[in-house]
$ cat run14.cif   # mmCIF, C-alpha atoms
data_data
#
loop_
_atom_site.label_atom_id
_atom_site.label_comp_id
_atom_site.auth_asym_id
_atom_site.auth_seq_id
_atom_site.Cartn_x
_atom_site.Cartn_y
_atom_site.Cartn_z
CA MET B 1 -4.91 -43.65 -66.88
CA GLY B 2 -6.76 -41.74 -64.17
CA ASP B 3 -6.21 -44.60 -61.72
CA THR B 4 -2.46 -44.69 -62.19
CA LEU B 5 -0.39 -44.02 -59.11
CA VAL B 6 2.70 -42.36 -60.39
CA GLN B 7 6.11 -42.96 -58.85
CA GLU B 8 8.02 -39.95 -57.59
CA GLY B 9 11.43 -39.77 -59.23
CA PHE B 10 14.59 -39.00 -57.32
CA THR B 11 18.36 -39.01 -57.73
CA LEU B 12 20.77 -40.71 -55.36
CA TRP B 13 24.16 -39.25 -56.28
CA PHE B 14 27.03 -41.34 -54.86
CA THR B 15 30.31 -39.42 -54.72
CA GLY B 16 33.63 -40.45 -53.18
CA TRP B 17 37.11 -41.82 -53.82
CA SER B 18 37.81 -44.76 -56.07
CA GLY B 19 37.19 -48.04 -54.27
CA ALA B 20 35.04 -46.51 -51.52
CA GLY B 21 32.13 -48.70 -52.57
CA LYS B 22 29.85 -46.32 -54.49
CA THR B 23 28.75 -48.81 -57.15
CA THR B 24 28.61 -51.74 -54.72
CA LEU B 25 26.25 -49.65 -52.60
CA ALA B 26 24.20 -48.51 -55.60
CA ILE B 27 23.69 -52.15 -56.62
CA GLU B 28 22.47 -53.01 -53.10
CA ILE B 29 20.13 -50.01 -53.11
CA GLU B 30 18.79 -51.02 -56.53
CA LYS B 31 17.98 -54.50 -55.20
CA ALA B 32 16.31 -53.07 -52.09
CA LEU B 33 14.21 -50.58 -54.09
CA LEU B 34 13.03 -53.28 -56.49
CA GLU B 35 12.14 -55.54 -53.54
CA LEU B 36 10.12 -52.66 -52.07
CA GLY B 37 8.15 -52.53 -55.34
CA THR B 38 9.67 -49.43 -56.91
CA PRO B 39 8.73 -49.94 -60.56
CA TYR B 40 11.55 -48.08 -62.26
CA VAL B 41 15.12 -48.02 -61.01
CA GLN B 42 18.09 -47.04 -63.19
CA ARG B 43 21.74 -47.16 -62.22
CA LEU B 44 24.29 -44.99 -64.01
CA ASP B 45 28.02 -45.58 -63.61
CA GLY B 46 31.12 -45.63 -65.76
CA ASP B 47 30.54 -49.17 -66.99
CA ILE B 48 26.99 -48.35 -68.04
CA VAL B 49 27.59 -45.04 -69.81
CA ARG B 50 31.11 -45.33 -71.19
CA GLU B 51 30.33 -47.09 -74.45
CA ASP B 52 27.47 -44.87 -75.57
CA LEU B 53 27.72 -41.58 -73.75
CA THR B 54 31.26 -40.75 -72.71
CA ARG B 55 33.68 -42.84 -74.70
CA ASP B 56 35.43 -39.73 -76.02
CA LEU B 57 36.37 -38.60 -72.50
CA GLY B 58 39.48 -39.12 -70.37
CA PHE B 59 40.45 -38.10 -66.84
CA SER B 60 41.52 -34.46 -67.17
CA LYS B 61 39.52 -32.00 -65.08
CA GLN B 62 37.77 -30.78 -68.22
CA ASP B 63 36.85 -34.30 -69.33
CA ARG B 64 35.70 -35.34 -65.86
CA ASN B 65 33.43 -32.32 -65.72
CA GLU B 66 32.07 -32.99 -69.20
CA ASN B 67 31.43 -36.58 -68.11
CA ILE B 68 29.47 -35.41 -65.07
CA ARG B 69 27.60 -32.82 -67.15
CA ARG B 70 26.31 -35.50 -69.54
CA VAL B 71 25.49 -37.96 -66.77
CA ALA B 72 23.70 -35.25 -64.77
CA PHE B 73 21.63 -34.39 -67.84
CA VAL B 74 20.55 -38.02 -68.21
CA ALA B 75 19.85 -38.28 -64.47
CA SER B 76 17.76 -35.10 -64.63
CA LEU B 77 15.61 -36.53 -67.43
CA LEU B 78 15.16 -39.87 -65.66
CA SER B 79 14.44 -38.44 -62.21
CA ARG B 80 11.97 -35.87 -63.57
CA ASN B 81 10.17 -38.74 -65.30
CA GLY B 82 9.52 -40.80 -62.21
CA VAL B 83 12.63 -42.98 -62.21
CA ALA B 84 14.64 -43.82 -59.08
CA THR B 85 18.05 -42.90 -60.47
CA LEU B 86 21.27 -44.11 -58.83
CA VAL B 87 24.39 -42.33 -60.05
CA SER B 88 27.83 -43.49 -58.93
CA PHE B 89 30.88 -41.58 -60.13
CA ILE B 90 33.88 -40.28 -58.20
CA SER B 91 32.65 -36.80 -59.28
CA PRO B 92 35.53 -35.12 -57.45
CA TYR B 93 34.66 -31.50 -58.23
CA ARG B 94 32.08 -29.54 -56.31
CA GLU B 95 30.82 -27.27 -59.09
CA PRO B 96 29.50 -29.96 -61.47
CA ARG B 97 27.96 -31.82 -58.51
CA ASP B 98 26.16 -28.63 -57.53
CA LYS B 99 24.97 -28.20 -61.11
CA ALA B 100 23.65 -31.77 -60.99
CA ARG B 101 21.87 -30.89 -57.75
CA ALA B 102 20.20 -27.94 -59.46
CA SER B 103 18.97 -29.93 -62.47
CA CYS B 104 18.04 -33.32 -61.01
CA HIS B 105 14.70 -34.01 -59.35
CA ASN B 106 14.84 -34.77 -55.61
CA PHE B 107 18.63 -34.74 -55.54
CA ILE B 108 20.20 -36.62 -52.64
CA GLU B 109 23.98 -36.39 -52.38
CA VAL B 110 25.48 -39.46 -50.73
CA TYR B 111 29.09 -38.97 -49.71
CA VAL B 112 30.63 -42.43 -49.67
CA LYS B 113 33.49 -41.68 -47.34
CA CYS B 114 36.37 -43.96 -46.52
CA ASP B 115 39.68 -43.40 -44.78
CA PRO B 116 42.39 -43.14 -47.49
CA ASP B 117 44.63 -45.52 -45.52
CA VAL B 118 41.89 -48.14 -45.66
CA LEU B 119 41.41 -47.59 -49.40
CA ILE B 120 45.12 -47.83 -50.09
CA SER B 121 45.51 -50.96 -47.99
CA ARG B 122 42.43 -52.62 -49.56
CA ASP B 123 43.26 -51.46 -53.13
CA ILE B 124 40.88 -53.99 -54.67
CA LYS B 125 41.63 -53.00 -58.27
CA GLY B 126 45.31 -52.25 -57.71
CA PHE B 127 44.81 -48.66 -58.85
CA TYR B 128 46.22 -46.97 -55.75
CA LYS B 129 49.47 -48.90 -55.99
CA LYS B 130 49.85 -47.85 -59.63
CA ALA B 131 48.87 -44.26 -58.91
CA LEU B 132 51.34 -44.02 -56.02
CA LYS B 133 54.07 -45.34 -58.35
CA GLY B 134 53.03 -42.72 -60.93
CA GLU B 135 51.88 -45.36 -63.40
CA ILE B 136 48.38 -43.83 -63.48
CA GLN B 137 47.98 -40.08 -63.82
CA ASN B 138 45.17 -37.83 -62.62
CA PHE B 139 44.15 -40.26 -59.90
CA THR B 140 41.73 -38.74 -57.41
CA GLY B 141 43.27 -38.43 -53.96
CA ILE B 142 46.79 -39.15 -55.17
CA ASP B 143 47.72 -36.54 -57.76
CA ASP B 144 44.26 -35.11 -58.38
CA PRO B 145 42.02 -33.39 -55.81
CA TYR B 146 38.78 -34.60 -54.27
CA GLU B 147 36.60 -31.71 -53.14
CA GLU B 148 34.50 -32.96 -50.23
CA PRO B 149 30.78 -32.19 -50.35
CA PRO B 150 30.15 -29.47 -47.77
CA ASN B 151 26.52 -30.41 -47.12
CA PRO B 152 25.67 -33.88 -48.40
CA GLU B 153 22.25 -35.21 -47.46
CA ILE B 154 23.84 -38.48 -46.35
CA ILE B 155 27.34 -39.53 -45.31
CA VAL B 156 28.20 -43.21 -45.05
CA ASP B 157 31.63 -44.29 -43.86
CA THR B 158 32.42 -47.53 -45.65
CA GLY B 159 35.68 -47.81 -43.75
CA THR B 160 33.71 -48.63 -40.59
CA MET B 161 30.19 -49.59 -41.77
CA SER B 162 29.03 -52.72 -43.58
CA VAL B 163 27.43 -52.37 -47.00
CA GLU B 164 24.13 -53.57 -45.48
CA ASP B 165 24.20 -50.89 -42.78
CA ALA B 166 25.05 -48.17 -45.32
CA ARG B 167 22.22 -49.42 -47.54
CA ASP B 168 19.75 -49.31 -44.65
CA VAL B 169 20.70 -45.72 -43.77
CA ILE B 170 19.95 -44.64 -47.34
CA ILE B 171 16.72 -46.62 -47.72
CA ARG B 172 15.50 -45.16 -44.42
CA TYR B 173 16.23 -41.64 -45.69
CA VAL B 174 14.35 -42.22 -48.94
CA LYS B 175 11.38 -43.66 -47.03
CA GLU B 176 11.33 -40.75 -44.59
CA LYS B 177 11.28 -38.30 -47.50
CA LYS B 178 8.29 -40.25 -48.85
CA LEU B 179 10.04 -40.82 -52.17
CA ILE B 180 9.04 -44.47 -52.14
CA ARG B 181 5.80 -45.79 -50.80
CA CYS B 182 5.91 -48.86 -48.62
CA SER B 183 3.00 -51.08 -47.74
CA MET C 1 3.51 -49.90 -54.24
CA GLY C 2 1.61 -53.06 -55.15
CA ASP C 3 -1.34 -51.00 -56.36
CA THR C 4 0.69 -48.98 -58.80
CA LEU C 5 -0.27 -49.28 -62.45
CA VAL C 6 2.91 -48.82 -64.35
CA GLN C 7 3.07 -47.01 -67.67
CA GLU C 8 4.53 -48.88 -70.61
CA GLY C 9 7.41 -46.95 -72.11
CA PHE C 10 7.90 -46.50 -75.82
CA THR C 11 9.96 -44.53 -78.31
CA LEU C 12 8.53 -42.51 -81.17
CA TRP C 13 11.51 -41.82 -83.42
CA PHE C 14 10.79 -39.02 -85.92
CA THR C 15 13.17 -39.01 -88.88
CA GLY C 16 13.08 -36.88 -92.02
CA TRP C 17 14.51 -33.88 -93.83
CA SER C 18 15.03 -30.52 -92.17
CA GLY C 19 11.80 -28.53 -92.07
CA ALA C 20 9.55 -31.56 -92.61
CA GLY C 21 7.87 -30.90 -89.28
CA LYS C 22 9.39 -33.53 -86.99
CA THR C 23 9.57 -31.37 -83.88
CA THR C 24 6.27 -29.59 -84.58
CA LEU C 25 4.65 -33.02 -84.74
CA ALA C 26 6.46 -34.24 -81.60
CA ILE C 27 5.16 -31.21 -79.68
CA GLU C 28 1.59 -31.96 -80.80
CA ILE C 29 1.97 -35.62 -79.81
CA GLU C 30 3.35 -34.59 -76.44
CA LYS C 31 0.27 -32.42 -75.83
CA ALA C 32 -2.07 -35.19 -76.93
CA LEU C 33 -0.37 -37.81 -74.74
CA LEU C 34 -0.51 -35.56 -71.69
CA GLU C 35 -4.19 -34.83 -72.35
CA LEU C 36 -4.78 -38.59 -72.52
CA GLY C 37 -3.27 -38.90 -69.04
CA THR C 38 0.14 -40.32 -69.92
CA PRO C 39 2.11 -39.48 -66.78
CA TYR C 40 5.60 -39.21 -68.22
CA VAL C 41 6.40 -37.81 -71.65
CA GLN C 42 9.86 -36.64 -72.67
CA ARG C 43 10.81 -34.97 -75.92
CA LEU C 44 14.39 -35.06 -77.18
CA ASP C 45 15.54 -32.83 -80.01
CA GLY C 46 18.55 -30.72 -80.91
CA ASP C 47 17.43 -27.76 -78.83
CA ILE C 48 16.94 -29.95 -75.76
CA VAL C 49 20.16 -31.98 -75.90
CA ARG C 50 22.67 -29.65 -77.55
CA GLU C 51 23.83 -27.77 -74.45
CA ASP C 52 24.40 -30.77 -72.20
CA LEU C 53 24.82 -33.82 -74.35
CA THR C 54 26.13 -33.03 -77.81
CA ARG C 55 27.69 -29.59 -77.82
CA ASP C 56 31.02 -30.98 -79.03
CA LEU C 57 29.45 -32.34 -82.22
CA GLY C 58 29.09 -30.89 -85.72
CA PHE C 59 27.45 -32.12 -88.91
CA SER C 60 29.98 -34.56 -90.38
CA LYS C 61 28.72 -38.10 -90.85
CA GLN C 62 30.82 -39.22 -87.89
CA ASP C 63 29.46 -36.47 -85.64
CA ARG C 64 25.87 -37.02 -86.72
CA ASN C 65 26.21 -40.70 -85.93
CA GLU C 66 27.77 -39.96 -82.54
CA ASN C 67 24.88 -37.55 -81.86
CA ILE C 68 22.34 -40.25 -82.67
CA ARG C 69 24.26 -42.81 -80.62
CA ARG C 70 24.07 -40.62 -77.49
CA VAL C 71 20.45 -39.66 -78.04
CA ALA C 72 19.49 -43.30 -78.67
CA PHE C 73 21.19 -44.28 -75.42
CA VAL C 74 19.16 -41.69 -73.49
CA ALA C 75 15.97 -42.74 -75.29
CA SER C 76 16.66 -46.39 -74.46
CA LEU C 77 17.01 -45.57 -70.74
CA LEU C 78 13.85 -43.45 -70.72
CA SER C 79 11.69 -45.84 -72.73
CA ARG C 80 12.81 -48.87 -70.71
CA ASN C 81 11.81 -46.96 -67.58
CA GLY C 82 8.21 -46.31 -68.56
CA VAL C 83 8.59 -42.95 -70.31
CA ALA C 84 6.83 -42.03 -73.55
CA THR C 85 9.91 -40.77 -75.39
CA LEU C 86 9.62 -38.58 -78.50
CA VAL C 87 12.85 -38.21 -80.44
CA SER C 88 13.08 -35.82 -83.39
CA PHE C 89 16.31 -35.61 -85.32
CA ILE C 90 16.97 -35.68 -89.06
CA SER C 91 18.90 -38.91 -88.32
CA PRO C 92 19.73 -39.35 -92.01
CA TYR C 93 21.70 -42.61 -91.77
CA ARG C 94 20.03 -45.98 -91.59
CA GLU C 95 22.60 -47.80 -89.48
CA PRO C 96 22.41 -45.66 -86.33
CA ARG C 97 18.60 -45.59 -86.62
CA ASP C 98 18.61 -49.38 -86.72
CA LYS C 99 20.89 -49.45 -83.67
CA ALA C 100 18.42 -47.16 -81.90
CA ARG C 101 15.64 -49.57 -82.87
CA ALA C 102 17.57 -52.43 -81.30
CA SER C 103 18.21 -50.65 -77.98
CA CYS C 104 15.03 -48.63 -77.40
CA HIS C 105 11.91 -50.12 -75.84
CA ASN C 106 8.85 -50.34 -78.14
CA PHE C 107 10.60 -48.49 -80.96
CA ILE C 108 8.30 -46.86 -83.49
CA GLU C 109 10.00 -45.26 -86.47
CA VAL C 110 7.97 -42.37 -87.87
CA TYR C 111 9.16 -41.24 -91.27
CA VAL C 112 8.13 -37.61 -91.57
CA LYS C 113 8.15 -37.39 -95.34
CA CYS C 114 7.76 -34.25 -97.40
CA ASP C 115 8.32 -33.51 -101.08
CA PRO C 116 11.71 -31.73 -101.39
CA ASP C 117 10.12 -29.12 -103.69
CA VAL C 118 7.66 -28.26 -100.94
CA LEU C 119 10.44 -28.03 -98.35
CA ILE C 120 12.57 -25.82 -100.57
CA SER C 121 9.65 -23.53 -101.43
CA ARG C 122 8.55 -23.28 -97.77
CA ASP C 123 12.10 -22.99 -96.38
CA ILE C 124 10.87 -21.66 -93.05
CA LYS C 125 14.34 -21.20 -91.55
CA GLY C 126 16.03 -20.16 -94.81
CA PHE C 127 18.41 -23.11 -94.58
CA TYR C 128 17.66 -24.59 -98.01
CA LYS C 129 18.39 -21.30 -99.76
CA LYS C 130 21.74 -21.10 -97.97
CA ALA C 131 22.55 -24.77 -98.60
CA LEU C 132 21.72 -24.45 -102.30
CA LYS C 133 24.05 -21.44 -102.48
CA GLY C 134 26.75 -23.48 -100.74
CA GLU C 135 26.71 -21.25 -97.66
CA ILE C 136 25.87 -24.23 -95.41
CA GLN C 137 27.79 -27.48 -95.85
CA ASN C 138 26.69 -31.05 -95.12
CA PHE C 139 23.03 -30.20 -95.49
CA THR C 140 20.84 -33.28 -95.68
CA GLY C 141 19.18 -33.63 -99.08
CA ILE C 142 21.36 -30.97 -100.72
CA ASP C 143 24.99 -32.04 -100.37
CA ASP C 144 24.51 -34.81 -97.81
CA PRO C 145 22.45 -37.97 -98.23
CA TYR C 146 19.19 -38.97 -96.55
CA GLU C 147 18.78 -42.72 -96.37
CA GLU C 148 15.04 -43.43 -96.39
CA PRO C 149 13.77 -45.89 -93.77
CA PRO C 150 12.94 -49.11 -95.63
CA ASN C 151 10.28 -50.29 -93.16
CA PRO C 152 9.12 -47.49 -90.87
CA GLU C 153 6.16 -48.30 -88.62
CA ILE C 154 4.48 -45.06 -89.69
CA ILE C 155 4.85 -42.71 -92.66
CA VAL C 156 3.24 -39.28 -92.55
CA ASP C 157 3.44 -36.98 -95.54
CA THR C 158 3.51 -33.45 -94.17
CA GLY C 159 3.52 -32.05 -97.70
CA THR C 160 -0.10 -33.12 -98.06
CA MET C 161 -1.39 -33.79 -94.51
CA SER C 162 -2.17 -31.31 -91.75
CA VAL C 163 -0.24 -31.54 -88.48
CA GLU C 164 -3.49 -32.55 -86.74
CA ASP C 165 -4.11 -35.41 -89.16
CA ALA C 166 -0.51 -36.63 -88.84
CA ARG C 167 -0.83 -36.44 -85.05
CA ASP C 168 -4.05 -38.47 -85.12
CA VAL C 169 -2.46 -41.20 -87.24
CA ILE C 170 0.33 -41.59 -84.69
CA ILE C 171 -1.90 -41.45 -81.61
CA ARG C 172 -4.16 -44.07 -83.17
CA TYR C 173 -1.15 -46.33 -83.76
CA VAL C 174 0.05 -45.99 -80.17
CA LYS C 175 -3.46 -46.72 -78.86
CA GLU C 176 -3.82 -49.77 -81.10
CA LYS C 177 -0.51 -51.12 -79.81
CA LYS C 178 -1.89 -50.61 -76.28
CA LEU C 179 1.09 -48.49 -75.31
CA ILE C 180 -1.20 -45.94 -73.72
CA ARG C 181 -4.35 -46.79 -71.86
CA CYS C 182 -7.38 -44.69 -72.55
CA SER C 183 -10.52 -44.48 -70.48
#
$ encode --input "run14.cif" --output "structure tokens"
Amino acid sequence: MGDTLVQEGFTLWFTGWSGAGKTTLAIEIEKALLELGTPYVQRLDGDIVREDLTRDLGFSKQDRNENIRRVAFVASLLSRNGVATLVSFISPYREPRDKARASCHNFIEVYVKCDPDVLISRDIKGFYKKALKGEIQNFTGIDDPYEEPPNPEIIVDTGTMSVEDARDVIIRYVKEKKLIRCS
Amino acid sequence: MGDTLVQEGFTLWFTGWSGAGKTTLAIEIEKALLELGTPYVQRLDGDIVREDLTRDLGFSKQDRNENIRRVAFVASLLSRNGVATLVSFISPYREPRDKARASCHNFIEVYVKCDPDVLISRDIKGFYKKALKGEIQNFTGIDDPYEEPPNPEIIVDTGTMSVEDARDVIIRYVKEKKLIRCS
């Protein structure tokens, strides 16, 4: 396989409040990467990993961190093996995100930021309403903290930007870092 | 990346009693695959996954199966994304192995077989002596069952074969299935 051109793996780590658009954005990025000819792209989010990897875990700080630890381990294996890995979890605590940064290959932290007032007024899944009423516990931003990333590689404000614009910012970054090759 | 030649992922799943040589064999296969130019090779065994993926698990049937479920999930992601994935766990129960077969890409079950008398007389880690004395519980083959694979793709008998011969059998199989390309 001497003539094989091997893809460089990387990790796009989407962090931010519930409903900010992390997974929506990851899905758009996945499409864009595949269209650009990236051979291997893998998304990881709660829906993808819950059944097989994290079904024993809840929403306490300890369980959230254990969740992120397992996901970061999987992302580290994928990214080190040439896979464009797109991870979208609230991941509210700084320490496990920094551990993920240390273990994943070409780690790019994407802070998917959105004004809380916008999130609460949108409230697509109805979670904020329930959390504000106290019907959901340990809800990030309401009765659980979100520790902002101090130095994310990319910040996109989905309160003011379209998904397409946010996608383009990220694709441009990945191209500039020469993590995907474009004809 | 239109000129990229993409590697075909596959899963070599080594199952067998403790001390039969599963990981020793996986390490030899890893070396051989890298020498043959396979760009991405990932081994998964207890030492590699315990800290990050399965540290909450013990040796009950339920915990063993949960262990295999998580490992199989990781192997499925890797193998579907072009990685030559080498999994070595006792994996004594048929059902979770068959689930792994269903989810992993190009699944190849390698039954690393060895006469129990040979294993007990070798007893490299001293585990059999302890298990026979009752000092270790739930030890596969002693007080816990090992369900033999009914139709493994490959059987290697490490009681009678050298590691090099067993390695060559497996590499030949992978070449014949055109899962690695060789110049």
$ atom_distance --input "run14.cif" --atom1 "atom CA of B:Phe10" --atom2 "atom CA of C:Cys104"
22.3 Å
$ resolve_selection --input "run14.cif" --expression "the PyMOL selection byres ((chain B) within 10 of (chain C))" --output "PyMOL selection string"
chain B and resi 1-7+36-44+49+51-54+66-75+77-84+180-183
$ atom_distance --input "run14.cif" --atom1 "atom CA of C:Ile155" --atom2 "atom CA of C:Ile136"
28.1 Å
$ residues_around --input "run14.cif" --residues "B:Arg97" --least-positions-apart "3" --cutoff "9 Å" --atoms "all atoms listed in the file" --output "VMD selection string"
chain B and resid 13 15 68 to 69 72 91 to 94 100 to 102 109 149
$ closest_residue --input "run14.cif" --among "B:Gly21, B:Gln62, B:Thr160, B:Ala166" --to "B:Pro96" --atoms "only C-alpha atoms"
B:Gln62
$ axis_aligned_box --input "run14.cif" --around "stretch 90-98 of chain C" --padding-each-side "6 Å" --output "AutoDock Vina command-line options"
--center_x 19.8 --center_y -42.5 --center_z -89.2 --size_x 17.6 --size_y 25.7 --size_z 17.7
$ residues_around --input "run14.cif" --residues "stretch 17-20 of chain C" --least-positions-apart "4" --cutoff "9 Å" --atoms "only C-alpha atoms" --output "PyMOL selection string"
chain C and resi 24+89-92+112-116+119-120+122-125+127-128+139-141+146+157-159
$ atom_distance --input "run14.cif" --atom1 "atom CA of C:Val174" --atom2 "atom CA of C:Ile108"
8.9 Å
$ closest_residue --input "run14.cif" --among "C:Val118, C:Ser60, C:Lys133, C:Val156" --to "C:Lys22" --atoms "all atoms listed in the file"
C:Val156
$ resolve_selection --input "run14.cif" --expression "the PyMOL selection byres ((chain B and resi 29-32) around 8)" --output "ChimeraX atom specification"
/B:25-28,33-36,41-43,86,167,170-171
$ build_atoms --input "run14.cif" --residues "stretch 138-158 of chain C" --atoms "N, CA and C atoms" --output "PDB file, keeping the file's coordinate frame"
ATOM      1  N   ASN C 138      27.234 -29.827 -95.733  1.00  0.00           N
ATOM      2  CA  ASN C 138      26.690 -31.050 -95.120  1.00  0.00           C
ATOM      3  C   ASN C 138      25.221 -30.928 -94.799  1.00  0.00           C
ATOM      4  N   PHE C 139      24.463 -30.383 -95.732  1.00  0.00           N
ATOM      5  CA  PHE C 139      23.030 -30.200 -95.490  1.00  0.00           C
ATOM      6  C   PHE C 139      22.259 -31.367 -96.111  1.00  0.00           C
ATOM      7  N   THR C 140      21.534 -32.064 -95.244  1.00  0.00           N
ATOM      8  CA  THR C 140      20.840 -33.280 -95.680  1.00  0.00           C
ATOM      9  C   THR C 140      19.902 -32.988 -96.854  1.00  0.00           C
ATOM     10  N   GLY C 141      20.041 -33.772 -97.909  1.00  0.00           N
ATOM     11  CA  GLY C 141      19.180 -33.630 -99.080  1.00  0.00           C
ATOM     12  C   GLY C 141      19.813 -32.753-100.149  1.00  0.00           C
ATOM     13  N   ILE C 142      20.711 -31.862 -99.739  1.00  0.00           N
ATOM     14  CA  ILE C 142      21.360 -30.970-100.720  1.00  0.00           C
ATOM     15  C   ILE C 142      22.755 -31.504-101.048  1.00  0.00           C
ATOM     16  N   ASP C 143      23.668 -31.461-100.094  1.00  0.00           N
ATOM     17  CA  ASP C 143      24.990 -32.040-100.370  1.00  0.00           C
ATOM     18  C   ASP C 143      25.343 -33.157 -99.391  1.00  0.00           C
ATOM     19  N   ASP C 144      24.336 -33.686 -98.730  1.00  0.00           N
ATOM     20  CA  ASP C 144      24.510 -34.810 -97.810  1.00  0.00           C
ATOM     21  C   ASP C 144      23.318 -35.744 -98.015  1.00  0.00           C
ATOM     22  N   PRO C 145      23.545 -37.052 -97.904  1.00  0.00           N
ATOM     23  CA  PRO C 145      22.450 -37.970 -98.230  1.00  0.00           C
ATOM     24  C   PRO C 145      21.401 -38.097 -97.122  1.00  0.00           C
ATOM     25  N   TYR C 146      20.194 -38.499 -97.509  1.00  0.00           N
ATOM     26  CA  TYR C 146      19.190 -38.970 -96.550  1.00  0.00           C
ATOM     27  C   TYR C 146      18.814 -40.385 -96.953  1.00  0.00           C
ATOM     28  N   GLU C 147      19.092 -41.319 -96.080  1.00  0.00           N
ATOM     29  CA  GLU C 147      18.780 -42.720 -96.370  1.00  0.00           C
ATOM     30  C   GLU C 147      17.375 -43.023 -95.861  1.00  0.00           C
ATOM     31  N   GLU C 148      16.435 -43.204 -96.788  1.00  0.00           N
ATOM     32  CA  GLU C 148      15.040 -43.430 -96.390  1.00  0.00           C
ATOM     33  C   GLU C 148      14.896 -44.699 -95.546  1.00  0.00           C
ATOM     34  N   PRO C 149      14.025 -44.654 -94.539  1.00  0.00           N
ATOM     35  CA  PRO C 149      13.770 -45.890 -93.770  1.00  0.00           C
ATOM     36  C   PRO C 149      13.061 -46.898 -94.665  1.00  0.00           C
ATOM     37  N   PRO C 150      13.573 -48.129 -94.760  1.00  0.00           N
ATOM     38  CA  PRO C 150      12.940 -49.110 -95.630  1.00  0.00           C
ATOM     39  C   PRO C 150      11.602 -49.625 -95.077  1.00  0.00           C
ATOM     40  N   ASN C 151      11.502 -49.729 -93.758  1.00  0.00           N
ATOM     41  CA  ASN C 151      10.280 -50.290 -93.160  1.00  0.00           C
ATOM     42  C   ASN C 151       9.843 -49.516 -91.920  1.00  0.00           C
ATOM     43  N   PRO C 152       9.550 -48.230 -92.055  1.00  0.00           N
ATOM     44  CA  PRO C 152       9.120 -47.490 -90.870  1.00  0.00           C
ATOM     45  C   PRO C 152       7.733 -47.968 -90.431  1.00  0.00           C
ATOM     46  N   GLU C 153       7.481 -47.914 -89.116  1.00  0.00           N
ATOM     47  CA  GLU C 153       6.160 -48.300 -88.620  1.00  0.00           C
ATOM     48  C   GLU C 153       5.090 -47.345 -89.150  1.00  0.00           C
ATOM     49  N   ILE C 154       5.452 -46.076 -89.275  1.00  0.00           N
ATOM     50  CA  ILE C 154       4.480 -45.060 -89.690  1.00  0.00           C
ATOM     51  C   ILE C 154       5.149 -44.129 -90.700  1.00  0.00           C
ATOM     52  N   ILE C 155       4.404 -43.780 -91.754  1.00  0.00           N
ATOM     53  CA  ILE C 155       4.850 -42.710 -92.660  1.00  0.00           C
ATOM     54  C   ILE C 155       3.776 -41.627 -92.635  1.00  0.00           C
ATOM     55  N   VAL C 156       4.186 -40.385 -92.391  1.00  0.00           N
ATOM     56  CA  VAL C 156       3.240 -39.280 -92.550  1.00  0.00           C
ATOM     57  C   VAL C 156       3.825 -38.304 -93.562  1.00  0.00           C
ATOM     58  N   ASP C 157       2.999 -37.903 -94.497  1.00  0.00           N
ATOM     59  CA  ASP C 157       3.440 -36.980 -95.540  1.00  0.00           C
ATOM     60  C   ASP C 157       2.968 -35.582 -95.174  1.00  0.00           C
ATOM     61  N   THR C 158       3.890 -34.784 -94.648  1.00  0.00           N
ATOM     62  CA  THR C 158       3.510 -33.450 -94.170  1.00  0.00           C
ATOM     63  C   THR C 158       3.434 -32.444 -95.326  1.00  0.00           C
TER      64      THR C 158
END
